[in-house]
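Listing of start_32.cif, mmCIF, C-alpha atoms
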data_model
#
loop_
_atom_site.label_atom_id
_atom_site.label_comp_id
_atom_site.auth_asym_id
_atom_site.auth_seq_id
_atom_site.Cartn_x
_atom_site.Cartn_y
_atom_site.Cartn_z
CA MET A 1 100.43 46.44 118.89
CA CYS A 2 98.64 43.92 121.10
CA VAL A 3 98.28 41.19 118.46
CA ASP A 4 101.97 41.35 117.55
CA ARG A 5 102.95 40.96 121.20
CA VAL A 6 100.65 37.97 121.67
CA MET A 7 101.97 36.41 118.45
CA SER A 8 105.51 36.68 119.84
CA LEU A 9 104.55 34.02 122.41
CA ARG A 10 104.67 31.36 119.69
CA ALA A 11 107.30 28.68 120.15
CA LYS A 12 107.98 25.09 119.07
CA ASP A 13 105.90 23.81 121.95
CA LEU A 14 103.31 26.63 122.02
CA GLU A 15 100.85 27.49 119.26
CA VAL A 16 98.70 30.60 119.53
CA GLU A 17 95.09 31.19 118.49
CA ILE A 18 93.91 34.80 118.74
CA ILE A 19 90.17 35.48 118.86
CA ILE A 20 89.29 39.16 118.43
CA VAL A 21 85.77 40.12 119.50
CA ASP A 22 84.57 43.45 118.13
CA ASP A 23 81.78 44.62 120.44
CA ALA A 24 80.04 46.88 117.87
CA SER A 25 82.83 49.46 117.99
CA ARG A 26 82.29 52.83 116.31
CA ASP A 27 85.92 53.48 115.36
CA ARG A 28 88.22 51.57 113.00
CA SER A 29 88.67 48.60 115.35
CA LEU A 30 86.82 46.15 113.10
CA ALA A 31 88.71 47.30 109.98
CA ILE A 32 92.02 46.92 111.79
CA ALA A 33 90.99 43.46 113.04
CA ASN A 34 90.16 42.38 109.50
CA GLU A 35 93.54 43.63 108.30
CA LEU A 36 95.21 41.47 110.96
CA LEU A 37 93.04 38.55 109.85
CA SER A 38 94.45 38.81 106.34
CA LYS A 39 98.04 38.81 107.67
CA HIS A 40 97.87 36.14 110.36
CA PRO A 41 96.12 32.77 109.88
CA GLN A 42 96.08 32.40 113.68
CA VAL A 43 93.64 35.31 114.02
CA ARG A 44 89.86 34.94 114.04
CA VAL A 45 87.51 37.94 114.12
CA LEU A 46 84.05 37.80 115.70
CA GLN A 47 81.59 40.66 115.74
CA HIS A 48 78.59 41.74 117.82
CA GLU A 49 75.85 43.61 115.96
CA ARG A 50 75.25 45.78 119.02
CA ASN A 51 77.38 46.74 122.00
CA LYS A 52 76.88 44.24 124.81
CA GLY A 53 79.83 44.77 127.17
CA LYS A 54 83.03 43.05 128.24
CA GLY A 55 81.37 40.00 129.76
CA ALA A 56 79.34 39.32 126.62
CA ALA A 57 82.46 39.64 124.44
CA LEU A 58 84.27 37.16 126.67
CA ARG A 59 81.42 34.66 126.44
CA THR A 60 81.62 34.83 122.66
CA GLY A 61 85.38 34.32 122.67
CA PHE A 62 85.29 31.46 125.19
CA ARG A 63 82.64 29.64 123.18
CA GLU A 64 84.72 29.76 119.98
CA ALA A 65 88.12 28.90 121.49
CA THR A 66 89.74 25.64 120.34
CA GLY A 67 93.13 25.61 122.14
CA ASP A 68 94.03 23.70 125.28
CA PHE A 69 94.15 26.88 127.38
CA VAL A 70 92.24 30.17 127.17
CA ALA A 71 93.55 33.54 128.35
CA VAL A 72 91.91 36.96 128.51
CA GLN A 73 93.89 39.83 126.95
CA ASP A 74 92.50 43.37 126.74
CA ALA A 75 93.72 45.27 123.68
CA ASP A 76 94.69 48.34 125.73
CA LEU A 77 97.88 46.57 126.94
CA GLU A 78 97.49 47.42 130.61
CA TYR A 79 98.74 43.85 131.02
CA SER A 80 101.87 42.57 129.27
CA PRO A 81 101.22 39.54 127.00
CA MET A 82 104.76 38.28 127.61
CA GLU A 83 103.73 37.38 131.17
CA LEU A 84 101.14 34.90 129.88
CA LYS A 85 103.92 32.33 129.48
CA ASN A 86 104.50 32.38 133.23
CA LEU A 87 100.78 32.09 133.95
CA LEU A 88 100.57 29.05 131.67
CA GLU A 89 103.18 27.05 133.59
CA PRO A 90 100.90 25.67 136.38
CA LEU A 91 98.35 24.72 133.70
CA ARG A 92 100.79 23.03 131.35
CA ASP A 93 102.38 20.92 134.07
CA GLY A 94 98.98 19.77 135.35
CA ARG A 95 98.93 21.55 138.71
CA ALA A 96 96.14 24.06 138.03
CA ASP A 97 92.79 24.48 136.30
CA VAL A 98 92.74 28.29 136.63
CA VAL A 99 95.60 30.76 137.06
CA ILE A 100 94.98 34.38 138.07
CA GLY A 101 97.50 37.18 137.70
CA SER A 102 97.80 39.46 140.72
CA ARG A 103 98.75 43.12 140.43
CA PHE A 104 99.37 43.24 144.17
CA LYS A 105 102.03 40.53 144.44
CA GLY A 106 105.70 40.58 143.50
CA GLN A 107 108.03 43.41 142.59
CA GLY A 108 107.30 44.00 138.91
CA PRO A 109 106.69 47.52 137.57
CA HIS A 110 103.31 49.05 138.42
CA ARG A 111 102.10 52.42 137.23
CA VAL A 112 100.98 54.59 140.14
CA LEU A 113 97.39 55.76 139.68
CA TYR A 114 94.18 56.15 141.67
CA PHE A 115 94.18 55.55 145.44
CA TRP A 116 90.42 54.98 145.65
CA HIS A 117 90.52 52.44 142.82
CA TYR A 118 93.09 50.53 144.86
CA VAL A 119 90.91 50.72 147.98
CA GLY A 120 87.85 49.62 146.00
CA ASN A 121 89.71 46.65 144.53
CA ARG A 122 90.88 45.56 147.96
CA ILE A 123 87.39 45.83 149.45
CA LEU A 124 85.81 43.87 146.60
CA THR A 125 88.52 41.21 146.83
CA LEU A 126 87.95 40.96 150.59
CA PHE A 127 84.21 40.43 150.18
CA SER A 128 84.78 37.98 147.33
CA ASN A 129 87.18 35.96 149.48
CA MET A 130 84.77 35.95 152.41
CA PHE A 131 81.97 34.47 150.32
CA SER A 132 84.01 32.22 148.02
CA ASP A 133 86.38 30.98 150.77
CA LEU A 134 89.47 31.82 148.70
CA ASN A 135 92.55 33.86 149.65
CA LEU A 136 93.12 35.81 146.43
CA SER A 137 94.88 39.16 146.49
CA ASP A 138 93.38 40.55 143.25
CA MET A 139 89.92 39.25 142.32
CA GLU A 140 89.39 42.02 139.74
CA SER A 141 92.51 41.17 137.72
CA CYS A 142 91.96 40.90 133.96
CA TYR A 143 94.58 38.15 133.62
CA LYS A 144 92.72 34.90 134.18
CA VAL A 145 93.88 31.79 132.30
CA PHE A 146 91.77 28.62 132.13
CA ARG A 147 91.80 25.13 130.81
CA ARG A 148 89.47 25.38 127.83
CA GLU A 149 87.13 22.61 129.00
CA VAL A 150 86.82 24.38 132.36
CA ILE A 151 85.79 27.79 131.06
CA GLN A 152 83.50 26.39 128.38
CA ARG A 153 81.38 24.53 130.89
CA VAL A 154 80.87 27.55 133.16
CA ASP A 155 77.47 29.20 132.66
CA LEU A 156 78.37 32.91 132.49
CA ARG A 157 75.66 35.60 132.59
CA GLU A 158 77.21 39.00 133.31
CA ASP A 159 77.55 41.36 130.32
CA ARG A 160 79.86 44.02 131.76
CA PHE A 161 82.56 44.09 134.42
CA GLY A 162 80.48 41.83 136.68
CA PHE A 163 82.25 38.99 134.86
CA GLU A 164 85.19 39.14 137.29
CA PRO A 165 83.35 38.38 140.58
CA GLU A 166 81.00 36.00 138.74
CA ILE A 167 83.76 33.81 137.32
CA ILE A 168 85.65 33.77 140.62
CA ALA A 169 82.52 32.62 142.46
CA LYS A 170 81.76 29.90 139.94
CA VAL A 171 85.25 28.44 139.70
CA ALA A 172 85.56 28.58 143.50
CA HIS A 173 82.37 26.62 144.06
CA SER A 174 83.33 24.14 141.33
CA ARG A 175 86.27 23.15 143.56
CA LEU A 176 88.81 23.76 140.80
CA ARG A 177 92.54 24.08 141.40
CA ILE A 178 93.22 27.83 141.42
CA TYR A 179 96.68 29.39 141.41
CA GLU A 180 97.71 33.03 141.67
CA MET A 181 100.90 34.59 140.27
CA ALA A 182 102.41 38.06 140.33
CA ILE A 183 102.14 40.26 137.23
CA SER A 184 103.10 43.83 136.33
CA TYR A 185 100.51 46.48 135.53
CA SER A 186 100.49 49.57 133.33
CA GLY A 187 97.10 51.10 134.07
CA ARG A 188 95.39 53.87 132.11
CA THR A 189 93.83 57.12 133.25
CA TYR A 190 90.31 58.18 132.34
CA GLU A 191 91.81 60.62 129.84
CA GLU A 192 93.53 57.65 128.19
CA GLY A 193 90.27 55.76 127.83
CA LYS A 194 89.63 53.91 131.10
CA LYS A 195 85.90 53.17 131.38
CA ILE A 196 85.25 51.46 134.71
CA ASN A 197 83.51 53.61 137.35
CA TRP A 198 81.79 53.44 140.73
CA LYS A 199 78.63 51.91 139.22
CA ASP A 200 80.68 48.90 138.12
CA GLY A 201 81.95 48.61 141.69
CA VAL A 202 78.38 48.50 143.02
CA ARG A 203 77.50 45.88 140.41
CA ALA A 204 80.57 43.84 141.38
CA LEU A 205 79.45 43.86 145.02
CA TYR A 206 75.99 42.70 143.96
CA CYS A 207 77.53 39.90 141.87
CA ILE A 208 79.62 38.73 144.82
CA PHE A 209 76.43 38.28 146.86
CA ARG A 210 74.39 36.86 144.00
CA TYR A 211 76.76 34.18 142.76
CA ASN A 212 78.03 33.06 146.16
CA SER A 213 74.90 33.13 148.33
CA ASP A 214 73.55 29.68 147.39
CA HIS A 215 76.79 28.01 148.45
CA LEU A 216 77.17 29.62 151.86
CA PRO A 217 76.50 27.77 155.13
CA LEU A 218 73.02 28.48 156.48
CA PRO A 219 74.27 30.76 159.31
CA MET A 220 76.16 32.88 156.76
CA GLN A 221 73.09 33.04 154.49
CA PHE A 222 71.01 34.19 157.45
CA ILE A 223 73.55 36.92 158.31
CA MET A 224 73.70 38.06 154.68
CA TYR A 225 69.93 38.29 154.28
CA LEU A 226 69.72 40.03 157.67
CA PHE A 227 72.25 42.57 156.42
CA ILE A 228 70.35 43.11 153.16
CA GLY A 229 67.05 43.42 155.02
CA GLY A 230 68.56 45.88 157.52
CA PHE A 231 70.08 47.97 154.74
CA SER A 232 66.73 48.05 152.90
CA ALA A 233 64.96 49.09 156.11
CA ILE A 234 67.43 51.95 156.63
CA VAL A 235 66.91 53.14 153.05
CA ASN A 236 63.13 53.01 153.44
CA LEU A 237 63.30 54.83 156.78
CA GLY A 238 65.51 57.51 155.25
CA GLY A 239 63.05 57.96 152.40
CA PHE A 240 60.13 58.22 154.84
CA ILE A 241 61.94 60.83 156.98
CA ALA A 242 62.86 62.85 153.89
CA ALA A 243 59.28 62.76 152.64
CA GLN A 244 57.94 63.80 156.05
CA ALA A 245 60.40 66.69 156.23
CA LEU A 246 59.36 67.80 152.76
CA VAL A 247 55.67 67.79 153.77
CA LEU A 248 56.41 69.84 156.90
CA HIS A 249 58.44 72.28 154.84
CA LEU A 250 55.63 72.77 152.35
CA ARG A 251 52.77 72.89 154.88
CA VAL A 252 53.06 76.63 155.70
CA PRO A 253 53.27 77.86 152.08
CA LEU A 254 50.41 75.52 151.20
CA SER A 255 48.26 76.91 154.05
CA LEU A 256 48.93 80.48 152.89
CA LEU A 257 47.95 79.53 149.37
CA LEU A 258 44.67 77.99 150.57
CA CYS A 259 43.88 81.16 152.58
CA TRP A 260 44.55 83.30 149.52
CA LEU A 261 42.24 81.13 147.41
CA GLN A 262 39.47 81.39 150.02
CA GLU A 263 39.65 85.19 149.98
#
Once more with this new file: its structure as structure tokens, please.
Amino acid sequence: MCVDRVMSLRAKDLEVEIIIVDDASRDRSLAIANELLSKHPQVRVLQHERNKGKGAALRTGFREATGDFVAVQDADLEYSPMELKNLLEPLRDGRADVVIGSRFKGQGPHRVLYFWHYVGNRILTLFSNMFSDLNLSDMESCYKVFRREVIQRVDLREDRFGFEPEIIAKVAHSRLRIYEMAISYSGRTYEEGKKINWKDGVRALYCIFRYNSDHLPLPMQFIMYLFIGGFSAIVNLGGFIAAQALVLHLRVPLSLLLCWLQE
């Protein structure tokens, strides 16, 4: 179980606080969380009255955290909690403010899954790096560990998976010390409960533009707005051509109908 694995990180020099955020689940998640609460004094359970999304759950957890460092851990165990100790090292020795785990570095075990997910992640990371001026290899990684005072002063707004590009943009433009370390990955299939889809990818691309645009040099801002304007013009032109073709297609049947009505 996820909580048991996180609890195993405890040591003489490392205390653990676990904040469980139930995002209005419809299964037994809240009941299980309350059972864990009764067994472990280190566990705190927070609840949303309605489903708000991953980003909203993270905001709630970040706000309530009291430890020196804050890590994100999904309960599905795609990421191994034991690797959090390694990610904490640059924070504990004062070198870093943020540490990001990369699924694309190192030689740890990685479950082989979807090719197009991999391509999408690489494209989003590329765009994020272009606009944030970082050289990350895995912007969409769940494993992001922060100094508590750092994450609590970031104004987060995204409710779903847009959290990832948003937080990268905001820590990048805050000129924080960011480190990246290799991690393993045991991804899930859609049959096993994976929820992210192409719509979240589109939203992530939007968030990259939205949260980085104000910090770009003026020439880059001009190019970006030119690109957006050109894309909008192409969409509008395509809609106009489609509408015109539809009118031409319907003109003959409509003329026959008018002739029939006149008779």
* A:Trp116, A:Phe62, A:Tyr79, A:Tyr211 ranked by distance to Phe131 in chain A, top pick (using all atoms listed in the file) -> A:Tyr211
* **Residues near Arg122 in chain A, cut-off 10 Å, only C-alpha atoms, skip fewer than 4 positions along chain, as a ChimeraX atom specification** => /A:104,116-118,126-128,137-140
* **Residue members of the PyMOL selection byres ((chain A and resi 102) around 10) in the file shown, as an MDAnalysis selection string** => chainID A and resid 99:101 103:106 136:144 180:185
* Would you mind reading off the distance between CA of Leu58 in chain A and CA of Glu89 in chain A, one decimal, in Å? =>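 Interatomic distance, CA of Leu58 in chain A to CA of Glu89 in chain A: 22.5 Å.
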* Please provide the set of residues having any atom within 8 Å of Glu78 in chain A, restricted to only C-alpha atoms, with same-chain residues fewer than 5 positions apart removed, written as number ranges by chain. => A: 185-188
Could you give me the axis-aligned bounding box of range 96-114 of chain A, with 4 Å of padding per side, as centre plus edge lengths in Å to one decimal, as JSON?
{"center_x": 100.4, "center_y": 40.1, "center_z": 140.4, "size_x": 23.3, "size_y": 40.1, "size_z": 16.1}
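The neighbours of range 53-56 of chain A here are the residues that come within 8 Å of it, using only C-alpha atoms and leaving out any residue fewer than 3 positions away in the same chain; they are Asp23, Arg59, Thr60, Arg157, Glu158, Asp159, Arg160, Phe161, Gly162 and Phe163 of chain A.
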Please produce a file of those selected residues containing C-alpha atoms, as a PDB file, keeping the file's coordinate frame.
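Final output, saved to result_26.pdb:
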ATOM      1  CA  ASP A  23      81.780  44.620 120.440  1.00  0.00           C
ATOM      2  CA  ARG A  59      81.420  34.660 126.440  1.00  0.00           C
ATOM      3  CA  THR A  60      81.620  34.830 122.660  1.00  0.00           C
ATOM      4  CA  ARG A 157      75.660  35.600 132.590  1.00  0.00           C
ATOM      5  CA  GLU A 158      77.210  39.000 133.310  1.00  0.00           C
ATOM      6  CA  ASP A 159      77.550  41.360 130.320  1.00  0.00           C
ATOM      7  CA  ARG A 160      79.860  44.020 131.760  1.00  0.00           C
ATOM      8  CA  PHE A 161      82.560  44.090 134.420  1.00  0.00           C
ATOM      9  CA  GLY A 162      80.480  41.830 136.680  1.00  0.00           C
ATOM     10  CA  PHE A 163      82.250  38.990 134.860  1.00  0.00           C
TER      11      PHE A 163
END
* **Given the PyMOL selection byres ((chain A and resi 71) around 8), the residues it picks as a VMD selection string** => chain A and resid 69 to 70 72 to 73 84 143 to 146
* Selection dump of the PyMOL selection byres ((chain A and resi 1) around 10), as an MDAnalysis selection string -> chainID A and resid 2:6 75:77
Once N, CA, C and O atoms are restored for range 10-31 of chain A, what would the output be as a PDB file, in the coordinates of the input?
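And here's part_18.pdb as it stands now:
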ATOM      1  N   ARG A  10     104.568  32.622 120.424  1.00  0.00           N
ATOM      2  CA  ARG A  10     104.670  31.360 119.690  1.00  0.00           C
ATOM      3  C   ARG A  10     106.054  30.742 119.859  1.00  0.00           C
ATOM      4  O   ARG A  10     107.070  31.417 119.852  1.00  0.00           O
ATOM      5  N   ALA A  11     106.057  29.428 120.020  1.00  0.00           N
ATOM      6  CA  ALA A  11     107.300  28.680 120.150  1.00  0.00           C
ATOM      7  C   ALA A  11     107.069  27.275 119.598  1.00  0.00           C
ATOM      8  O   ALA A  11     105.959  26.929 119.171  1.00  0.00           O
ATOM      9  N   LYS A  12     108.121  26.448 119.596  1.00  0.00           N
ATOM     10  CA  LYS A  12     107.980  25.090 119.070  1.00  0.00           C
ATOM     11  C   LYS A  12     106.937  24.295 119.820  1.00  0.00           C
ATOM     12  O   LYS A  12     106.252  23.450 119.250  1.00  0.00           O
ATOM     13  N   ASP A  13     106.838  24.563 121.118  1.00  0.00           N
ATOM     14  CA  ASP A  13     105.900  23.810 121.950  1.00  0.00           C
ATOM     15  C   ASP A  13     104.661  24.636 122.327  1.00  0.00           C
ATOM     16  O   ASP A  13     103.917  24.245 123.226  1.00  0.00           O
ATOM     17  N   LEU A  14     104.453  25.776 121.659  1.00  0.00           N
ATOM     18  CA  LEU A  14     103.310  26.630 122.020  1.00  0.00           C
ATOM     19  C   LEU A  14     102.740  27.306 120.777  1.00  0.00           C
ATOM     20  O   LEU A  14     103.348  28.216 120.211  1.00  0.00           O
ATOM     21  N   GLU A  15     101.577  26.840 120.345  1.00  0.00           N
ATOM     22  CA  GLU A  15     100.850  27.490 119.260  1.00  0.00           C
ATOM     23  C   GLU A  15      99.882  28.516 119.841  1.00  0.00           C
ATOM     24  O   GLU A  15      99.435  28.376 120.980  1.00  0.00           O
ATOM     25  N   VAL A  16      99.556  29.517 119.063  1.00  0.00           N
ATOM     26  CA  VAL A  16      98.700  30.600 119.530  1.00  0.00           C
ATOM     27  C   VAL A  16      97.495  30.763 118.605  1.00  0.00           C
ATOM     28  O   VAL A  16      97.644  30.796 117.378  1.00  0.00           O
ATOM     29  N   GLU A  17      96.331  30.844 119.198  1.00  0.00           N
ATOM     30  CA  GLU A  17      95.090  31.190 118.490  1.00  0.00           C
ATOM     31  C   GLU A  17      94.584  32.491 119.094  1.00  0.00           C
ATOM     32  O   GLU A  17      94.396  32.581 120.311  1.00  0.00           O
ATOM     33  N   ILE A  18      94.369  33.492 118.258  1.00  0.00           N
ATOM     34  CA  ILE A  18      93.910  34.800 118.740  1.00  0.00           C
ATOM     35  C   ILE A  18      92.477  35.026 118.255  1.00  0.00           C
ATOM     36  O   ILE A  18      92.220  35.031 117.043  1.00  0.00           O
ATOM     37  N   ILE A  19      91.577  35.201 119.196  1.00  0.00           N
ATOM     38  CA  ILE A  19      90.170  35.480 118.860  1.00  0.00           C
ATOM     39  C   ILE A  19      89.896  36.937 119.228  1.00  0.00           C
ATOM     40  O   ILE A  19      89.949  37.313 120.403  1.00  0.00           O
ATOM     41  N   ILE A  20      89.615  37.739 118.219  1.00  0.00           N
ATOM     42  CA  ILE A  20      89.290  39.160 118.430  1.00  0.00           C
ATOM     43  C   ILE A  20      87.784  39.314 118.385  1.00  0.00           C
ATOM     44  O   ILE A  20      87.140  38.921 117.409  1.00  0.00           O
ATOM     45  N   VAL A  21      87.221  39.881 119.440  1.00  0.00           N
ATOM     46  CA  VAL A  21      85.770  40.120 119.500  1.00  0.00           C
ATOM     47  C   VAL A  21      85.538  41.617 119.397  1.00  0.00           C
ATOM     48  O   VAL A  21      85.908  42.372 120.297  1.00  0.00           O
ATOM     49  N   ASP A  22      84.923  42.046 118.304  1.00  0.00           N
ATOM     50  CA  ASP A  22      84.570  43.450 118.130  1.00  0.00           C
ATOM     51  C   ASP A  22      83.154  43.658 118.682  1.00  0.00           C
ATOM     52  O   ASP A  22      82.179  43.125 118.138  1.00  0.00           O
ATOM     53  N   ASP A  23      83.063  44.432 119.754  1.00  0.00           N
ATOM     54  CA  ASP A  23      81.780  44.620 120.440  1.00  0.00           C
ATOM     55  C   ASP A  23      81.055  45.847 119.881  1.00  0.00           C
ATOM     56  O   ASP A  23      80.783  46.816 120.600  1.00  0.00           O
ATOM     57  N   ALA A  24      80.759  45.794 118.558  1.00  0.00           N
ATOM     58  CA  ALA A  24      80.040  46.880 117.870  1.00  0.00           C
ATOM     59  C   ALA A  24      80.751  48.218 118.056  1.00  0.00           C
ATOM     60  O   ALA A  24      80.129  49.232 118.381  1.00  0.00           O
ATOM     61  N   SER A  25      82.073  48.229 117.848  1.00  0.00           N
ATOM     62  CA  SER A  25      82.830  49.460 117.990  1.00  0.00           C
ATOM     63  C   SER A  25      82.448  50.477 116.920  1.00  0.00           C
ATOM     64  O   SER A  25      82.003  50.113 115.826  1.00  0.00           O
ATOM     65  N   ARG A  26      82.656  51.753 117.233  1.00  0.00           N
ATOM     66  CA  ARG A  26      82.290  52.830 116.310  1.00  0.00           C
ATOM     67  C   ARG A  26      83.523  53.449 115.639  1.00  0.00           C
ATOM     68  O   ARG A  26      83.374  54.370 114.836  1.00  0.00           O
ATOM     69  N   ASP A  27      84.708  52.953 115.984  1.00  0.00           N
ATOM     70  CA  ASP A  27      85.920  53.480 115.360  1.00  0.00           C
ATOM     71  C   ASP A  27      86.399  52.475 114.293  1.00  0.00           C
ATOM     72  O   ASP A  27      85.613  51.713 113.752  1.00  0.00           O
ATOM     73  N   ARG A  28      87.680  52.441 114.031  1.00  0.00           N
ATOM     74  CA  ARG A  28      88.220  51.570 113.000  1.00  0.00           C
ATOM     75  C   ARG A  28      88.665  50.206 113.541  1.00  0.00           C
ATOM     76  O   ARG A  28      89.406  49.477 112.867  1.00  0.00           O
ATOM     77  N   SER A  29      88.208  49.846 114.724  1.00  0.00           N
ATOM     78  CA  SER A  29      88.670  48.600 115.350  1.00  0.00           C
ATOM     79  C   SER A  29      88.377  47.391 114.462  1.00  0.00           C
ATOM     80  O   SER A  29      89.243  46.517 114.283  1.00  0.00           O
ATOM     81  N   LEU A  30      87.178  47.312 113.924  1.00  0.00           N
ATOM     82  CA  LEU A  30      86.820  46.150 113.100  1.00  0.00           C
ATOM     83  C   LEU A  30      87.656  46.107 111.827  1.00  0.00           C
ATOM     84  O   LEU A  30      88.114  45.027 111.413  1.00  0.00           O
ATOM     85  N   ALA A  31      87.881  47.253 111.200  1.00  0.00           N
ATOM     86  CA  ALA A  31      88.710  47.300 109.980  1.00  0.00           C
ATOM     87  C   ALA A  31      90.133  46.852 110.283  1.00  0.00           C
ATOM     88  O   ALA A  31      90.739  46.087 109.512  1.00  0.00           O
TER      89      ALA A  31
END
